[in-house]
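**Student:** Got a structure for you, written out below as structure tokens; questions coming shortly.
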Amino acid sequence: MKVHITDDFDLKKIQDSGQCFRVRETGNGIWRFIHLDRILYISRTGESEYEVSAGEDEWREIWQPYFDLDRSYESIRQAIPEEDAFLKRASEYGKGIRILKQDPWEMLVTFIISQRKNIPAISKSVELLCERFGRRADTEEELFFFPDSEEMSGADEEALRECKLGYRAPYVLDAVNKVRSGEIDLCKLNEYDDRKLFEALKTINGVGDKVANCICLFAYGRTALVPVDTWIARVIETEYNGQSPFDRYGGAGGILQQWAFYYARETG
DNA sequence: TATCAGGGCCTAG
DNA sequence: CTAGGCCCTGAT
């Protein structure tokens with residue numbers, strides 16, 4: 001099926017934006033995305049035209065929200081004043097990135113794993129986790145879904161360490177326990193305001209400010225929240241004299257953060 | 001081969 | 001509030 005996307009949209013930049021770790025280019029300009037047990041193949045076929053493997057209903061109900069397509073990123077870019085030269089530059093450089101609305105459980109586990117790792121190492125661990133605990137997809141290529149909390153409930157620390165989780169293994173076990181017991185209801189958390197959501201996530205072992213903000217932004221679409229990692233901390237220090245510029249942009253701070261992160265990481 | 005840093009967080013003091 | 005320690009991997 002063909003779809004039209006007129007707003008900023010760049011598959012390669014989305015893949016490299018550091019919020020998703022299982023997106024692959026399968027060749028010939030076709031990108032593969034996985035959300036829960038859905039797989040999407042998508043390629044650009046014209047100025048604002050894309051070929052997608054999904055039907056109309058699935059596109060509208062699953063992938064349109066997934067890519068946050070009801071929001072105009074172009075107008076967010078244009079609202080940045082010229083005086084804010086760095087963010088102006090970063091937003092143009094990162095034009096095409098979207099904040100993906102991904103599965104909360106997957107984001108919780110993935111960003112617990114992410115601490116003190118680089119992106120290739122995160123991808124490796126996530127892939128091992130999928131192969132070991134996830135369900136195999138009914139596809140020609142060997143492909144595994146991200147394991148849900150039930151599928152991971154049989155995991156012990158040793159098995160997780162074999163997935164290269166290191167000292168994070170007990171953290172992930174705590175996440176499994178809290179979700180399986182109902183102490184944390186990832187679906188219910190959606191009803192909380194930003195602050196409550198953030199605090200609830202932090203009750204899980206291994207979830208600090210940075211990881212909690214990532215989950216809020218990349219799973220719950222809380223675009224006002226700004227994860228501060230080493231790259232963003234560096235930007236705030238060197239470009240803004242230690243004064244974070246992101247709060248000035250209210251509800252869009254998290255989106256600007258993503259442009260800044262991408263720009264800083266890609267250009268050194 | 002050795003060294004360093006990596007999308008941090010927890011615990012002690 | 002601040003300093004170590006942590007388990008490894010990827011990069012140089």
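In the structure tokens, each chain is lettered A, B, ... as it comes, each chain's residues begin at 1, and ligands are numbered from 1 in order of appearance.
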Give me, as a ChimeraX atom specification, the contact residues of chain A against chain B at a cut-off of 6 Å, counting only C-alpha atoms (C1' of nucleotides).

**Tutor:** /A:115-118,206,229

**Student:** Using 7 Å as the limit and counting only C-alpha atoms (C1' of nucleotides), can you tabulate each residue of chain A that touches chain C, with its shortest atom-to-atom distance in Å and the two atoms involved, as CSV?

**Tutor:**
```
residue,atom,partner,partner_atom,distance
A:Ala121,CA,C:DT9,C1',6.1
A:Lys164,CA,C:DC8,C1',7.0
A:Gly166,CA,C:DC7,C1',4.2
A:Tyr167,CA,C:DC7,C1',5.3
```

**Student:** Pull the helix (DSSP H, G or I) assignments for range 43-172 of chain A out of DSSP run on the backbone, and list those residues as a PyMOL selection string.

**Tutor:** chain A and resi 56-66+73-78+85-93+104-114+119-133+149-152+157-162+166-172

**Student:** Suppose you want the space between CA of Cys187 in chain A and CA of Tyr73 in chain A; what is it in Å?

**Tutor:**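 CA of Cys187 in chain A sits 26.7 Å away from CA of Tyr73 in chain A.
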
**Student:** Measure the distance from CA of Thr45 in chain A to CA of Met1 in chain A in Å and round it to one decimal.

**Tutor:** 11.3 Å

**Student:** Between CA of Glu142 in chain A and CA of Ser123 in chain A, what is the spacing in Å?

**Tutor:**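 Those two atoms sit 16.5 Å apart.
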
**Student:** Identify, with DSSP run on backbone atoms, the residues in range 34-191 of chain A assigned to strand (DSSP E or B), and express the list as a PyMOL selection string.

**Tutor:** chain A and resi 34-35+38-44+49-52+136+144

**Student:** Can I get the selection written as a PDB file, in the first residue's frame, with C-alpha atoms?

**Tutor:**
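Written out: selection31.pdb:
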```pdb
ATOM      1  CA  ILE A  34       8.914  -4.073  14.908  1.00  0.00           C
ATOM      2  CA  HIS A  35       6.217  -3.036  17.354  1.00  0.00           C
ATOM      3  CA  ARG A  38       3.721  -6.378  14.209  1.00  0.00           C
ATOM      4  CA  ILE A  39       6.399  -6.019  11.584  1.00  0.00           C
ATOM      5  CA  LEU A  40       6.470  -3.142   9.131  1.00  0.00           C
ATOM      6  CA  TYR A  41       8.512  -2.845   5.956  1.00  0.00           C
ATOM      7  CA  ILE A  42       8.614   0.670   4.594  1.00  0.00           C
ATOM      8  CA  SER A  43      10.473   2.400   1.775  1.00  0.00           C
ATOM      9  CA  ARG A  44      10.399   5.833   0.191  1.00  0.00           C
ATOM     10  CA  GLU A  49       5.216   8.901  -0.904  1.00  0.00           C
ATOM     11  CA  TYR A  50       6.054   5.631   0.843  1.00  0.00           C
ATOM     12  CA  GLU A  51       5.360   1.978   0.167  1.00  0.00           C
ATOM     13  CA  VAL A  52       4.358   0.126   3.340  1.00  0.00           C
ATOM     14  CA  ARG A 136       9.906 -16.495  16.795  1.00  0.00           C
ATOM     15  CA  PHE A 144      12.292 -12.880  17.213  1.00  0.00           C
TER      16      PHE A 144
END
```

**Student:** Please provide as JSON, numbers by chain all residues within 9 Å of range 256-258 of chain A, with the sequence filter that same-chain residues fewer than 2 positions apart are discarded (counting only C-alpha atoms (C1' of nucleotides)).

**Tutor:** {"A": [17, 18, 19, 76, 77, 87, 90, 91, 94, 97, 98, 99, 226, 227, 228, 232, 246, 249, 252, 253, 254, 260, 261, 262, 263]}

**Student:** Phe111 in chain A: which residues within 9 Å, counting only C-alpha atoms (C1' of nucleotides), same-chain residues fewer than 6 positions away excluded, as a list of chain:residue names?

**Tutor:**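 What passes the distance filter is A:Ile122, A:Val207, A:Lys210, A:Val211, A:Ala212, A:Cys214, A:Ile215, B:DG7.
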
**Student:** Let me see the file: selected residues, N, CA and C atoms (P, O5', C5', C4', C3', O3' and C1' of nucleotides), as a CSV table (one decimal), in the first residue's frame.

**Tutor:**
```csv
chain,number,residue,atom,x,y,z
A,122,ILE,N,24.3,-2.1,23.2
A,122,ILE,CA,22.8,-2.2,23.6
A,122,ILE,C,22.1,-3.1,22.6
A,207,VAL,N,16.4,2.1,37.6
A,207,VAL,CA,15.8,3.1,36.9
A,207,VAL,C,16.0,4.5,37.6
A,210,LYS,N,17.6,9.5,34.3
A,210,LYS,CA,17.8,9.4,32.8
A,210,LYS,C,17.0,8.4,32.2
A,211,VAL,N,17.0,7.2,32.8
A,211,VAL,CA,16.3,6.0,32.2
A,211,VAL,C,14.8,6.3,32.3
A,212,ALA,N,14.3,6.8,33.4
A,212,ALA,CA,12.9,7.1,33.6
A,212,ALA,C,12.4,8.1,32.5
A,214,CYS,N,13.7,8.6,29.6
A,214,CYS,CA,13.7,8.0,28.3
A,214,CYS,C,12.4,7.2,28.1
A,215,ILE,N,12.0,6.5,29.1
A,215,ILE,CA,10.8,5.7,29.0
A,215,ILE,C,9.6,6.6,28.9
B,7,DG,P,27.1,5.7,24.1
B,7,DG,O5',25.8,6.2,24.7
B,7,DG,C5',25.3,5.6,25.9
B,7,DG,C4',24.7,6.7,26.7
B,7,DG,C3',23.8,6.2,27.8
B,7,DG,O3',23.8,7.1,28.9
B,7,DG,C1',22.5,7.4,26.3
```
